[in-house]
>>> print(open('my_file.cif').read())   # mmCIF, C-alpha atoms (C1' of nucleotides)
data_data
loop_
_atom_site.label_atom_id
_atom_site.label_comp_id
_atom_site.auth_asym_id
_atom_site.auth_seq_id
_atom_site.Cartn_x
_atom_site.Cartn_y
_atom_site.Cartn_z
CA MET P 1 -76.52 52.70 -18.83
CA ALA P 2 -73.64 54.80 -17.57
CA THR P 3 -71.68 56.41 -20.38
CA GLN P 4 -68.42 54.86 -19.27
CA GLU P 5 -69.93 51.38 -19.59
CA ARG P 6 -71.47 52.17 -22.94
CA VAL P 7 -68.11 53.38 -24.20
CA LEU P 8 -66.40 50.19 -23.02
CA ASP P 9 -69.09 48.16 -24.73
CA GLY P 10 -68.86 50.04 -27.99
CA ALA P 11 -65.08 49.95 -27.98
CA LEU P 12 -65.05 46.21 -27.31
CA ARG P 13 -67.43 45.64 -30.21
CA ALA P 14 -65.36 47.82 -32.52
CA PHE P 15 -61.90 46.57 -31.52
CA GLY P 16 -63.11 42.97 -31.60
CA THR P 17 -64.54 43.18 -35.10
CA ARG P 18 -62.72 45.91 -37.04
CA GLY P 19 -59.48 45.72 -35.08
CA TYR P 20 -57.65 48.30 -32.98
CA GLU P 21 -55.94 50.30 -35.73
CA GLY P 22 -58.99 49.81 -37.91
CA THR P 23 -61.17 51.63 -35.39
CA SER P 24 -61.16 55.40 -34.84
CA LEU P 25 -62.42 57.08 -31.70
CA ASP P 26 -64.77 59.05 -33.92
CA ALA P 27 -66.28 55.80 -35.21
CA ILE P 28 -66.87 54.46 -31.69
CA ALA P 29 -68.38 57.78 -30.63
CA ALA P 30 -70.66 57.98 -33.67
CA ASP P 31 -71.98 54.49 -32.94
CA LEU P 32 -72.89 55.63 -29.44
CA GLY P 33 -74.31 58.98 -30.54
CA ILE P 34 -71.75 60.97 -28.56
CA ARG P 35 -68.70 63.09 -29.32
CA LYS P 36 -65.19 61.66 -29.33
CA GLN P 37 -64.20 64.09 -26.56
CA THR P 38 -66.59 62.34 -24.22
CA ILE P 39 -64.66 59.12 -24.75
CA LEU P 40 -61.42 60.96 -24.06
CA TYR P 41 -62.90 62.39 -20.89
CA HIS P 42 -63.49 58.90 -19.46
CA PHE P 43 -60.39 57.32 -20.98
CA PRO P 44 -57.48 59.72 -21.43
CA SER P 45 -56.12 58.03 -24.56
CA LYS P 46 -56.98 55.36 -27.09
CA GLU P 47 -54.31 53.14 -25.59
CA LEU P 48 -55.79 53.42 -22.10
CA LEU P 49 -59.21 52.71 -23.56
CA LEU P 50 -57.82 49.50 -25.04
CA GLU P 51 -56.40 48.56 -21.65
CA ALA P 52 -59.77 49.07 -20.01
CA VAL P 53 -61.48 47.06 -22.75
CA ILE P 54 -59.01 44.21 -22.31
CA ASP P 55 -59.53 44.14 -18.56
CA ARG P 56 -63.27 44.04 -18.99
CA ALA P 57 -63.20 41.41 -21.74
CA GLY P 58 -60.77 39.27 -19.77
CA ALA P 59 -63.02 39.38 -16.73
CA GLU P 60 -66.08 38.53 -18.79
CA LEU P 61 -64.28 35.68 -20.49
CA VAL P 62 -63.10 34.20 -17.23
CA ALA P 63 -66.57 34.63 -15.71
CA ALA P 64 -68.22 32.81 -18.61
CA LEU P 65 -65.74 29.93 -18.52
CA GLU P 66 -65.64 29.58 -14.73
CA GLY P 67 -69.42 29.70 -14.69
CA ALA P 68 -69.62 26.94 -17.26
CA LEU P 69 -67.20 24.83 -15.26
CA ALA P 70 -69.16 25.37 -12.05
CA ARG P 71 -72.30 23.98 -13.71
CA SER P 72 -70.49 21.04 -15.30
CA GLY P 73 -69.93 17.48 -14.29
CA PRO P 74 -66.48 15.98 -13.70
CA GLY P 75 -64.05 14.51 -16.22
CA TRP P 76 -64.95 14.90 -19.88
CA GLY P 77 -67.97 16.97 -18.92
CA ARG P 78 -65.62 19.86 -18.20
CA VAL P 79 -64.30 19.88 -21.76
CA GLU P 80 -67.84 19.79 -23.08
CA ALA P 81 -68.84 22.64 -20.80
CA ILE P 82 -65.96 24.81 -22.00
CA VAL P 83 -66.67 24.09 -25.64
CA ARG P 84 -70.34 24.84 -25.16
CA SER P 85 -69.46 28.07 -23.43
CA VAL P 86 -67.11 29.18 -26.21
CA PHE P 87 -69.68 28.43 -28.90
CA ARG P 88 -72.27 30.33 -26.91
CA LEU P 89 -69.89 33.29 -26.89
CA ALA P 90 -69.25 32.90 -30.61
CA ALA P 91 -72.99 33.25 -31.21
CA ARG P 92 -73.81 35.99 -28.72
CA ARG P 93 -70.63 37.97 -28.16
CA PRO P 94 -68.43 37.31 -31.18
CA GLU P 95 -66.52 40.51 -30.47
CA LEU P 96 -65.16 38.93 -27.29
CA LEU P 97 -63.45 36.14 -29.20
CA GLY P 98 -62.47 38.61 -31.90
CA LEU P 99 -60.72 40.74 -29.32
CA LEU P 100 -58.86 37.69 -28.06
CA ARG P 101 -57.34 37.21 -31.49
CA GLU P 102 -56.78 40.91 -32.08
CA VAL P 103 -54.93 41.30 -28.79
CA SER P 104 -52.70 38.33 -29.47
CA ARG P 105 -51.88 39.91 -32.83
CA LEU P 106 -51.05 43.28 -31.26
CA GLY P 107 -48.36 41.61 -29.18
CA PRO P 108 -46.58 42.40 -25.93
CA PRO P 109 -48.08 45.32 -24.12
CA PRO P 110 -51.76 44.41 -24.58
CA ALA P 111 -51.15 40.69 -24.98
CA THR P 112 -49.23 40.49 -21.73
CA GLN P 113 -52.02 42.29 -19.93
CA LEU P 114 -54.65 39.86 -21.16
CA ARG P 115 -52.39 36.91 -20.48
CA LEU P 116 -52.02 37.90 -16.84
CA ARG P 117 -55.78 38.12 -16.48
CA LEU P 118 -56.31 34.64 -17.97
CA GLU P 119 -53.31 33.09 -16.26
CA PRO P 120 -55.21 31.43 -13.37
CA PHE P 121 -57.65 29.84 -15.76
CA VAL P 122 -54.87 28.53 -18.00
CA ALA P 123 -53.07 27.11 -14.98
CA ALA P 124 -56.23 25.36 -13.83
CA ALA P 125 -56.70 23.90 -17.31
CA THR P 126 -53.22 22.38 -17.43
CA VAL P 127 -53.70 20.96 -13.94
CA TYR P 128 -56.95 19.40 -15.11
CA LEU P 129 -55.27 17.88 -18.16
CA ASP P 130 -52.38 16.52 -16.09
CA GLU P 131 -54.80 14.94 -13.62
CA GLU P 132 -56.83 13.32 -16.36
CA MET P 133 -53.61 11.99 -17.86
CA ARG P 134 -52.50 10.54 -14.54
CA ALA P 135 -55.92 8.94 -14.17
CA GLY P 136 -55.45 7.38 -17.61
CA ALA P 137 -58.47 9.12 -19.11
CA ILE P 138 -56.46 11.23 -21.51
CA ARG P 139 -53.60 10.27 -23.77
CA ARG P 140 -50.23 11.23 -22.24
CA GLN P 141 -48.47 14.24 -23.77
CA ASP P 142 -47.30 17.74 -22.95
CA SER P 143 -50.38 19.30 -21.36
CA ARG P 144 -49.38 22.85 -22.28
CA LEU P 145 -48.99 22.07 -25.96
CA LEU P 146 -52.12 19.98 -25.88
CA LEU P 147 -53.91 22.98 -24.48
CA LEU P 148 -52.59 25.17 -27.29
CA ALA P 149 -53.72 22.69 -29.92
CA ALA P 150 -57.15 22.31 -28.36
CA TYR P 151 -57.48 26.07 -27.90
CA SER P 152 -56.67 26.67 -31.55
CA ALA P 153 -59.12 24.04 -32.74
CA VAL P 154 -61.93 25.36 -30.54
CA ILE P 155 -61.44 29.03 -31.38
CA GLY P 156 -60.98 28.21 -35.04
CA MET P 157 -64.12 26.11 -35.28
CA ALA P 158 -66.08 28.78 -33.44
CA THR P 159 -64.81 31.88 -35.22
CA GLU P 160 -63.06 31.22 -38.53
CA VAL P 161 -65.91 32.35 -40.74
CA GLU P 162 -63.78 32.91 -43.82
CA VAL P 163 -62.04 29.56 -43.59
CA LEU P 164 -65.45 28.00 -43.17
CA ARG P 165 -66.51 29.59 -46.43
CA ALA P 166 -63.30 28.36 -48.00
CA VAL P 167 -64.33 24.77 -47.30
CA GLY P 168 -67.74 25.46 -48.78
CA LEU P 169 -69.93 25.99 -45.73
CA GLU P 170 -71.96 29.00 -44.74
CA PRO P 171 -71.84 30.33 -41.16
CA THR P 172 -75.45 29.82 -40.15
CA ALA P 173 -76.89 29.15 -36.69
CA ARG P 174 -77.70 25.53 -37.51
CA ASN P 175 -74.20 25.19 -38.85
CA LEU P 176 -72.77 26.42 -35.57
CA VAL P 177 -74.41 23.52 -33.76
CA ARG P 178 -73.02 21.07 -36.29
CA ARG P 179 -69.59 22.58 -35.93
CA ARG P 180 -69.79 22.18 -32.19
CA ALA P 181 -70.80 18.55 -32.49
CA GLU P 182 -68.03 17.77 -34.96
CA LEU P 183 -65.51 19.62 -32.83
CA LEU P 184 -66.45 17.60 -29.78
CA ALA P 185 -66.02 14.39 -31.75
CA PHE P 186 -62.68 15.69 -32.99
CA LEU P 187 -61.49 16.59 -29.50
CA ARG P 188 -62.75 13.33 -28.05
CA SER P 189 -60.63 11.22 -30.35
CA ALA P 190 -57.70 13.62 -30.06
CA LEU P 191 -57.69 13.63 -26.28
CA LEU P 192 -59.22 10.46 -24.91
CA ALA P 193 -56.98 7.49 -24.31
CA GLU P 194 -58.01 4.44 -26.31
CA ALA P 195 -60.74 2.54 -24.53
CA MET G 1 -34.22 42.98 -57.38
CA ALA G 2 -36.80 44.83 -59.38
CA THR G 3 -38.49 47.57 -57.36
CA GLN G 4 -41.93 46.13 -57.93
CA GLU G 5 -40.87 42.84 -56.39
CA ARG G 6 -39.21 44.56 -53.47
CA VAL G 7 -42.38 46.53 -52.79
CA LEU G 8 -44.48 43.37 -52.84
CA ASP G 9 -42.03 41.75 -50.46
CA GLY G 10 -41.98 44.66 -48.05
CA ALA G 11 -45.74 45.04 -48.15
CA LEU G 12 -46.23 41.34 -47.48
CA ARG G 13 -43.91 41.54 -44.49
CA ALA G 14 -45.64 44.63 -43.13
CA PHE G 15 -49.24 43.52 -43.74
CA GLY G 16 -48.50 40.07 -42.36
CA THR G 17 -46.99 41.32 -39.12
CA ARG G 18 -48.43 44.76 -38.30
CA GLY G 19 -51.69 44.29 -40.17
CA TYR G 20 -53.22 46.16 -43.10
CA GLU G 21 -54.62 49.19 -41.28
CA GLY G 22 -51.62 49.16 -38.97
CA THR G 23 -49.28 49.69 -41.90
CA SER G 24 -48.85 52.99 -43.75
CA LEU G 25 -47.45 53.28 -47.24
CA ASP G 26 -44.84 55.60 -45.78
CA ALA G 27 -43.72 52.86 -43.40
CA ILE G 28 -43.35 50.32 -46.19
CA ALA G 29 -41.48 52.86 -48.32
CA ALA G 30 -39.14 53.85 -45.47
CA ASP G 31 -38.26 50.19 -44.90
CA LEU G 32 -37.27 49.90 -48.55
CA GLY G 33 -35.46 53.24 -48.68
CA ILE G 34 -37.78 54.66 -51.30
CA ARG G 35 -40.54 57.26 -51.42
CA LYS G 36 -44.20 56.41 -51.01
CA GLN G 37 -44.89 57.80 -54.48
CA THR G 38 -42.79 55.03 -55.95
CA ILE G 39 -45.11 52.47 -54.38
CA LEU G 40 -48.10 54.31 -55.78
CA TYR G 41 -46.45 54.35 -59.19
CA HIS G 42 -46.33 50.55 -59.31
CA PHE G 43 -49.60 49.98 -57.43
CA PRO G 44 -52.21 52.72 -57.94
CA SER G 45 -53.70 52.41 -54.46
CA LYS G 46 -53.11 50.72 -51.12
CA GLU G 47 -56.07 48.46 -51.81
CA LEU G 48 -54.62 47.30 -55.13
CA LEU G 49 -51.28 46.76 -53.43
CA LEU G 50 -53.03 44.47 -50.95
CA GLU G 51 -54.63 42.59 -53.83
CA ALA G 52 -51.25 42.07 -55.45
CA VAL G 53 -49.75 40.96 -52.14
CA ILE G 54 -52.56 38.47 -51.63
CA ASP G 55 -52.13 37.03 -55.11
CA ARG G 56 -48.42 36.64 -54.57
CA ALA G 57 -48.77 35.16 -51.08
CA GLY G 58 -51.49 32.79 -52.26
CA ALA G 59 -49.31 31.56 -55.08
CA GLU G 60 -46.34 31.10 -52.79
CA LEU G 61 -48.46 29.26 -50.25
CA VAL G 62 -49.88 26.91 -52.84
CA ALA G 63 -46.42 26.36 -54.31
CA ALA G 64 -44.96 25.44 -50.92
CA LEU G 65 -47.79 23.05 -50.08
CA GLU G 66 -48.02 21.46 -53.52
CA GLY G 67 -44.26 21.05 -53.51
CA ALA G 68 -44.37 19.34 -50.14
CA LEU G 69 -47.09 17.00 -51.35
CA ALA G 70 -45.15 16.17 -54.50
CA ARG G 71 -42.17 15.03 -52.42
CA SER G 72 -44.31 13.08 -49.94
CA GLY G 73 -45.35 9.49 -49.67
CA PRO G 74 -48.98 8.37 -49.79
CA GLY G 75 -51.53 8.17 -46.97
CA TRP G 76 -50.51 9.66 -43.65
CA GLY G 77 -47.27 10.88 -45.18
CA ARG G 78 -49.24 13.62 -46.92
CA VAL G 79 -50.46 15.03 -43.63
CA GLU G 80 -46.94 14.96 -42.26
CA ALA G 81 -45.63 16.69 -45.36
CA ILE G 82 -48.18 19.48 -45.05
CA VAL G 83 -47.48 20.00 -41.36
CA ARG G 84 -43.75 20.05 -41.99
CA SER G 85 -44.25 22.57 -44.74
CA VAL G 86 -46.38 24.86 -42.58
CA PHE G 87 -43.87 24.78 -39.73
CA ARG G 88 -41.11 25.53 -42.19
CA LEU G 89 -43.07 28.57 -43.30
CA ALA G 90 -43.67 29.58 -39.69
CA ALA G 91 -39.91 29.63 -39.15
CA ARG G 92 -38.81 31.22 -42.42
CA ARG G 93 -41.73 33.27 -43.72
CA PRO G 94 -43.92 33.98 -40.68
CA GLU G 95 -45.43 36.95 -42.51
CA LEU G 96 -47.04 34.56 -44.98
CA LEU G 97 -49.05 32.84 -42.26
CA GLY G 98 -49.65 36.19 -40.61
CA LEU G 99 -51.16 37.50 -43.81
CA LEU G 100 -53.42 34.47 -43.98
CA ARG G 101 -54.93 35.39 -40.63
CA GLU G 102 -55.02 39.10 -41.40
CA VAL G 103 -56.86 38.54 -44.66
CA SER G 104 -59.44 36.31 -43.03
CA ARG G 105 -59.97 39.06 -40.47
CA LEU G 106 -60.41 41.73 -43.13
CA GLY G 107 -63.33 39.82 -44.56
CA PRO G 108 -65.07 39.64 -47.93
CA PRO G 109 -63.24 41.53 -50.60
CA PRO G 110 -59.68 40.37 -49.78
CA ALA G 111 -60.76 37.13 -48.11
CA THR G 112 -62.75 36.05 -51.14
CA GLN G 113 -59.79 36.77 -53.38
CA LEU G 114 -57.47 34.60 -51.31
CA ARG G 115 -60.10 31.90 -50.98
CA LEU G 116 -60.41 31.62 -54.76
CA ARG G 117 -56.66 31.21 -55.06
CA LEU G 118 -56.54 28.44 -52.46
CA GLU G 119 -59.76 26.80 -53.62
CA PRO G 120 -58.17 24.02 -55.70
CA PHE G 121 -55.90 23.07 -52.85
CA VAL G 122 -58.78 22.98 -50.37
CA ALA G 123 -60.81 20.85 -52.73
CA ALA G 124 -57.93 18.41 -53.14
CA ALA G 125 -57.58 18.21 -49.37
CA THR G 126 -61.22 17.27 -48.81
CA VAL G 127 -61.01 14.70 -51.58
CA TYR G 128 -57.95 13.25 -49.88
CA LEU G 129 -59.76 13.09 -46.54
CA ASP G 130 -62.84 11.48 -48.07
CA GLU G 131 -60.72 8.86 -49.80
CA GLU G 132 -58.85 8.03 -46.62
CA MET G 133 -62.18 7.71 -44.82
CA ARG G 134 -63.54 5.38 -47.47
CA ALA G 135 -60.37 3.34 -47.18
CA GLY G 136 -60.97 3.11 -43.43
CA ALA G 137 -57.72 4.86 -42.55
CA ILE G 138 -59.36 7.94 -41.08
CA ARG G 139 -62.29 8.19 -38.70
CA ARG G 140 -65.53 8.96 -40.55
CA GLN G 141 -66.85 12.51 -40.20
CA ASP G 142 -67.59 15.65 -42.18
CA SER G 143 -64.37 16.14 -44.12
CA ARG G 144 -64.88 19.90 -44.50
CA LEU G 145 -65.27 20.51 -40.81
CA LEU G 146 -62.45 18.13 -40.08
CA LEU G 147 -60.30 20.20 -42.39
CA LEU G 148 -61.26 23.37 -40.54
CA ALA G 149 -60.40 21.83 -37.17
CA ALA G 150 -57.09 20.50 -38.43
CA TYR G 151 -56.28 23.79 -40.15
CA SER G 152 -56.92 25.72 -36.95
CA ALA G 153 -54.82 23.36 -34.88
CA VAL G 154 -51.91 23.47 -37.32
CA ILE G 155 -51.89 27.24 -37.82
CA GLY G 156 -52.38 27.81 -34.11
CA MET G 157 -49.53 25.52 -33.09
CA ALA G 158 -47.29 27.12 -35.69
CA THR G 159 -48.10 30.79 -35.12
CA GLU G 160 -49.87 31.55 -31.83
CA VAL G 161 -46.84 33.00 -30.10
CA GLU G 162 -48.80 34.86 -27.44
CA VAL G 163 -50.95 31.89 -26.53
CA LEU G 164 -47.77 29.86 -26.32
CA ARG G 165 -46.45 32.33 -23.80
CA ALA G 166 -49.75 32.14 -21.94
CA VAL G 167 -49.21 28.43 -21.35
CA GLY G 168 -45.70 29.15 -20.11
CA LEU G 169 -43.54 28.29 -23.13
CA GLU G 170 -41.16 30.50 -25.06
CA PRO G 171 -41.22 30.52 -28.87
CA THR G 172 -37.71 29.23 -29.55
CA ALA G 173 -36.45 27.23 -32.52
CA ARG G 174 -36.10 24.04 -30.50
CA ASN G 175 -39.58 24.63 -29.20
CA LEU G 176 -40.92 24.82 -32.73
CA VAL G 177 -39.71 21.30 -33.39
CA ARG G 178 -41.34 20.05 -30.20
CA ARG G 179 -44.55 21.76 -31.14
CA ARG G 180 -44.50 20.09 -34.52
CA ALA G 181 -43.96 16.68 -32.95
CA GLU G 182 -46.76 17.17 -30.42
CA LEU G 183 -49.06 18.47 -33.12
CA LEU G 184 -48.45 15.41 -35.28
CA ALA G 185 -49.25 13.16 -32.31
CA PHE G 186 -52.37 15.23 -31.69
CA LEU G 187 -53.51 15.01 -35.30
CA ARG G 188 -52.71 11.32 -35.51
CA SER G 189 -55.04 10.43 -32.66
CA ALA G 190 -57.64 12.93 -33.84
CA LEU G 191 -57.72 11.64 -37.40
CA LEU G 192 -56.65 8.03 -37.57
CA ALA G 193 -59.27 5.35 -37.17
CA GLU G 194 -58.59 3.06 -34.22
CA ALA G 195 -56.16 0.34 -35.21
"C1'" DC U 1 -78.58 82.23 -4.40
"C1'" DA U 2 -73.78 81.16 -5.36
"C1'" DA U 3 -70.00 78.34 -5.59
"C1'" DC U 4 -68.82 73.96 -7.07
"C1'" DC U 5 -68.40 69.62 -9.48
"C1'" DG U 6 -68.92 66.08 -12.86
"C1'" DT U 7 -70.05 65.58 -17.54
"C1'" DT U 8 -70.55 66.77 -22.19
"C1'" DC U 9 -70.00 69.76 -25.79
"C1'" DT U 10 -67.82 73.17 -29.57
"C1'" DA U 11 -63.70 74.78 -31.44
"C1'" DC U 12 -59.27 73.88 -32.54
"C1'" DC U 13 -54.60 71.73 -33.41
"C1'" DA U 14 -50.51 68.95 -35.09
"C1'" DT U 15 -49.71 65.03 -37.31
"C1'" DC U 16 -50.42 61.37 -40.35
"C1'" DT U 17 -52.93 59.24 -44.12
"C1'" DG U 18 -53.68 57.86 -48.96
"C1'" DG U 19 -53.37 60.09 -53.16
"C1'" DT U 20 -52.33 63.86 -57.12
"C1'" DC U 21 -49.30 66.46 -60.08
"C1'" DA U 22 -45.64 68.18 -62.23
"C1'" DG U 23 -41.53 67.44 -62.80
"C1'" DT U 24 -36.36 65.00 -63.35
"C1'" DG U 25 -32.90 61.93 -64.81
"C1'" DG U 26 -31.47 58.04 -67.48
"C1'" DC U 27 -31.68 55.43 -71.62
"C1'" DG U 28 -32.85 53.40 -76.08
"C1'" DG U 29 -34.41 54.34 -80.95
"C1'" DG U 30 -35.11 57.31 -84.94
"C1'" DC E 1 -28.83 64.71 -81.27
"C1'" DC E 2 -33.00 64.74 -79.27
"C1'" DC E 3 -37.37 62.76 -78.54
"C1'" DG E 4 -40.09 59.98 -75.84
"C1'" DC E 5 -40.62 56.64 -72.36
"C1'" DC E 6 -39.87 54.52 -67.96
"C1'" DA E 7 -38.91 54.75 -63.09
"C1'" DC E 8 -38.73 57.67 -59.54
"C1'" DT E 9 -39.21 61.87 -56.62
"C1'" DG E 10 -40.39 66.57 -54.25
"C1'" DA E 11 -44.07 69.53 -53.34
"C1'" DC E 12 -48.47 69.51 -52.25
"C1'" DC E 13 -53.43 68.43 -50.76
"C1'" DA E 14 -57.80 67.14 -48.45
"C1'" DG E 15 -59.44 64.45 -45.10
"C1'" DA E 16 -58.99 61.71 -41.04
"C1'" DT E 17 -56.74 60.83 -36.59
"C1'" DG E 18 -55.62 61.22 -31.65
"C1'" DG E 19 -55.57 64.76 -28.51
"C1'" DT E 20 -56.15 69.73 -26.00
"C1'" DA E 21 -58.59 73.95 -24.17
"C1'" DG E 22 -62.32 75.98 -22.65
"C1'" DA E 23 -67.06 76.99 -22.40
"C1'" DA E 24 -71.81 75.39 -21.16
"C1'" DC E 25 -74.99 72.52 -18.75
"C1'" DG E 26 -77.30 70.42 -14.84
"C1'" DG E 27 -77.32 68.99 -10.28
"C1'" DT E 28 -75.67 69.29 -5.30
"C1'" DT E 29 -74.24 71.66 -1.38
"C1'" DG E 30 -72.96 75.58 1.57
#
>>> encode(input="my_file.cif", output="structure tokens")
Amino acid sequence: MATQERVLDGALRAFGTRGYEGTSLDAIAADLGIRKQTILYHFPSKELLLEAVIDRAGAELVAALEGALARSGPGWGRVEAIVRSVFRLAARRPELLGLLREVSRLGPPPATQLRLRLEPFVAAATVYLDEEMRAGAIRRQDSRLLLLAAYSAVIGMATEVEVLRAVGLEPTARNLVRRRAELLAFLRSALLAEA
Amino acid sequence: MATQERVLDGALRAFGTRGYEGTSLDAIAADLGIRKQTILYHFPSKELLLEAVIDRAGAELVAALEGALARSGPGWGRVEAIVRSVFRLAARRPELLGLLREVSRLGPPPATQLRLRLEPFVAAATVYLDEEMRAGAIRRQDSRLLLLAAYSAVIGMATEVEVLRAVGLEPTARNLVRRRAELLAFLRSALLAEA
DNA sequence: CAACCGTTCTACCATCTGGTCAGTGGCGGG
DNA sequence: CCCGCCACTGACCAGATGGTAGAACGGTTG
């Protein structure tokens, strides 16, 4: 693979798991078997590297979610498709979801950048929720806040390993499937209008 | 105030907002108008300072939640009391909730420490959920996973400022109240068994 | 072949980091 | 009175950090 891509990959993994400040360029370079100066050749500063990583991660995130939606049925099937997609990411690319959280913790400059990249998807999601509400399928409420609550629940169930341990469960593969099932039941009763 | 207490306070604020690795002892000291060596006099290393901060934050967290429960009614009132308490913390001591997230990101050594401190409270919460389920007040499901989902939703609604911006809302005081109201509606339909 | 270019490296630097050490000043007890 | 203790600080250090300068390497092109 091209070095530039390998660097982006390694940086995403590192930033998404050990955090931005918790990761040194030397550490990323060592993981890739190259010298830190090679990283700085392709990305002039650590900050610019983060920007590139965010752009890439944002694109990958959107691609995964849009792809899941494209292969999904209508109505509730869309929620299930998104949840499935997020749990798939939690299992195969945990650093992607880790970066999401890390970026939102870093605040304005990086967070704004990621937000702009995800904006269209967020807009589409609120439109979906509003439509389902108008159709009477989903309980009426503020769609933006509903989205925030659902987002938090999904990301939390998929990634909060330490909280999982706190409630006495181990983060195994089988467990991930159970979590997904329970989450879907949770979301169903939280969202769906009473039959 | 005693210096030791002031250091703990400053460190909690810093760790909870800028993160552990993102905070230098010099920065904490400068905020307090003292020298870094003074911090190291009271806490022999940055790691031990973090431990002390976690212990303090854990105790404060438990105190706030237990206090809220003590002043609450039975049944659903307990959930409302907890949510109210968390939103109060989000407004007045955001660093406390920030530290919660930071510690869970840092993983095992600090996370385990905090987990042990919160363990009794978590256990009481699952017992509460199980009882409410047996009484038919709450939909039957795995109480531990339900707790994780509810925890994520609550913390997210109370603290995810950047995600809030992503859905087009500004984190104002009035907004916080709206978020709390929407969250309670969300939790009510997610948890309560159909009437 | 020679000039060139993109890429990677070695060598180096200023700054910051957590941490050590030897004090210094105040204050209470013998 | 002064001794010792507590809280605090200035001077210092070794290692890590992000970043720069310049040489070397291999391939492409005139």
>>> atom_distance(input="my_file.cif", atom1="atom CA of P:Gln113", atom2="atom CA of G:Val167")
14.2 Å
>>> residues_around(input="my_file.cif", residues="P:Phe186", least_positions_apart="3", cutoff="6 Å", atoms="only C-alpha atoms (C1' of nucleotides)", output="ChimeraX atom specification")
/P:183,189 /G:190
>>> resolve_selection(input="my_file.cif", expression="the PyMOL selection byres ((chain E) within 9 of (chain P))", output="number ranges by chain")
E: 17-19
>>> resolve_selection(input="my_file.cif", expression="the PyMOL selection byres ((chain P) within 6 of (chain G))", output="list of chain:residue names")
P:Glu21, P:Gly22, P:Ser104, P:Arg115, P:Arg144, P:Ala149, P:Ser152, P:Ala153, P:Gly156, P:Met157, P:Glu162, P:Ala166, P:Val167, P:Phe186, P:Ser189, P:Ala190
>>> resolve_selection(input="my_file.cif", expression="the PyMOL selection byres ((chain P) within 12 of (chain U))", output="ChimeraX atom specification")
/P:2-4,34-42
>>> write_last_selection(input="my_file.cif", atoms="C-alpha atoms", output="PDB file, in the frame of the given file")
ATOM      1  CA  ALA P   2     -73.640  54.800 -17.570  1.00  0.00           C
ATOM      2  CA  THR P   3     -71.680  56.410 -20.380  1.00  0.00           C
ATOM      3  CA  GLN P   4     -68.420  54.860 -19.270  1.00  0.00           C
ATOM      4  CA  ILE P  34     -71.750  60.970 -28.560  1.00  0.00           C
ATOM      5  CA  ARG P  35     -68.700  63.090 -29.320  1.00  0.00           C
ATOM      6  CA  LYS P  36     -65.190  61.660 -29.330  1.00  0.00           C
ATOM      7  CA  GLN P  37     -64.200  64.090 -26.560  1.00  0.00           C
ATOM      8  CA  THR P  38     -66.590  62.340 -24.220  1.00  0.00           C
ATOM      9  CA  ILE P  39     -64.660  59.120 -24.750  1.00  0.00           C
ATOM     10  CA  LEU P  40     -61.420  60.960 -24.060  1.00  0.00           C
ATOM     11  CA  TYR P  41     -62.900  62.390 -20.890  1.00  0.00           C
ATOM     12  CA  HIS P  42     -63.490  58.900 -19.460  1.00  0.00           C
TER      13      HIS P  42
END
>>> atom_distance(input="my_file.cif", atom1="atom CA of P:Glu60", atom2="atom CA of P:Val127")
22.0 Å
>>> closest_residue(input="my_file.cif", among="P:Leu12, P:Val177, P:Val7, P:Ala135", to="P:Phe87", atoms="only C-alpha atoms")
P:Val177
>>> atom_distance(input="my_file.cif", atom1="atom CA of P:Arg134", atom2="atom CA of P:Leu184")
21.8 Å
>>> residues_around(input="my_file.cif", residues="G:Ala90", least_positions_apart="4", cutoff="7 Å", atoms="all atoms listed in the file", output="ChimeraX atom specification")
/G:86,94,97,158-159
>>> write_last_selection(input="my_file.cif", atoms="C-alpha atoms", output="PDB file, in the frame of the given file")
ATOM      1  CA  VAL G  86     -46.380  24.860 -42.580  1.00  0.00           C
ATOM      2  CA  PRO G  94     -43.920  33.980 -40.680  1.00  0.00           C
ATOM      3  CA  LEU G  97     -49.050  32.840 -42.260  1.00  0.00           C
ATOM      4  CA  ALA G 158     -47.290  27.120 -35.690  1.00  0.00           C
ATOM      5  CA  THR G 159     -48.100  30.790 -35.120  1.00  0.00           C
TER       6      THR G 159
END
>>> residues_around(input="my_file.cif", residues="G:Ala81", least_positions_apart="2", cutoff="6 Å", atoms="only C-alpha atoms (C1' of nucleotides)", output="PyMOL selection string")
chain G and resi 68+72+78-79+83-84
>>> build_atoms(input="my_file.cif", residues="stretch 144-148 of chain P", atoms="N, CA and C atoms", output="mmCIF file, in the frame of the given file")
data_model
loop_
_atom_site.group_PDB
_atom_site.id
_atom_site.type_symbol
_atom_site.label_atom_id
_atom_site.label_comp_id
_atom_site.auth_asym_id
_atom_site.auth_seq_id
_atom_site.Cartn_x
_atom_site.Cartn_y
_atom_site.Cartn_z
ATOM 1 N N ARG P 144 -49.329 21.453 -21.839
ATOM 2 C CA ARG P 144 -49.380 22.850 -22.280
ATOM 3 C C ARG P 144 -49.557 22.931 -23.801
ATOM 4 N N LEU P 145 -48.841 22.069 -24.505
ATOM 5 C CA LEU P 145 -48.990 22.070 -25.960
ATOM 6 C C LEU P 145 -50.332 21.490 -26.375
ATOM 7 N N LEU P 146 -50.796 20.531 -25.607
ATOM 8 C CA LEU P 146 -52.120 19.980 -25.880
ATOM 9 C C LEU P 146 -53.168 21.073 -25.734
ATOM 10 N N LEU P 147 -52.978 21.884 -24.709
ATOM 11 C CA LEU P 147 -53.910 22.980 -24.480
ATOM 12 C C LEU P 147 -53.891 23.961 -25.642
ATOM 13 N N LEU P 148 -52.711 24.257 -26.142
ATOM 14 C CA LEU P 148 -52.590 25.170 -27.290
ATOM 15 C C LEU P 148 -53.291 24.598 -28.520
#
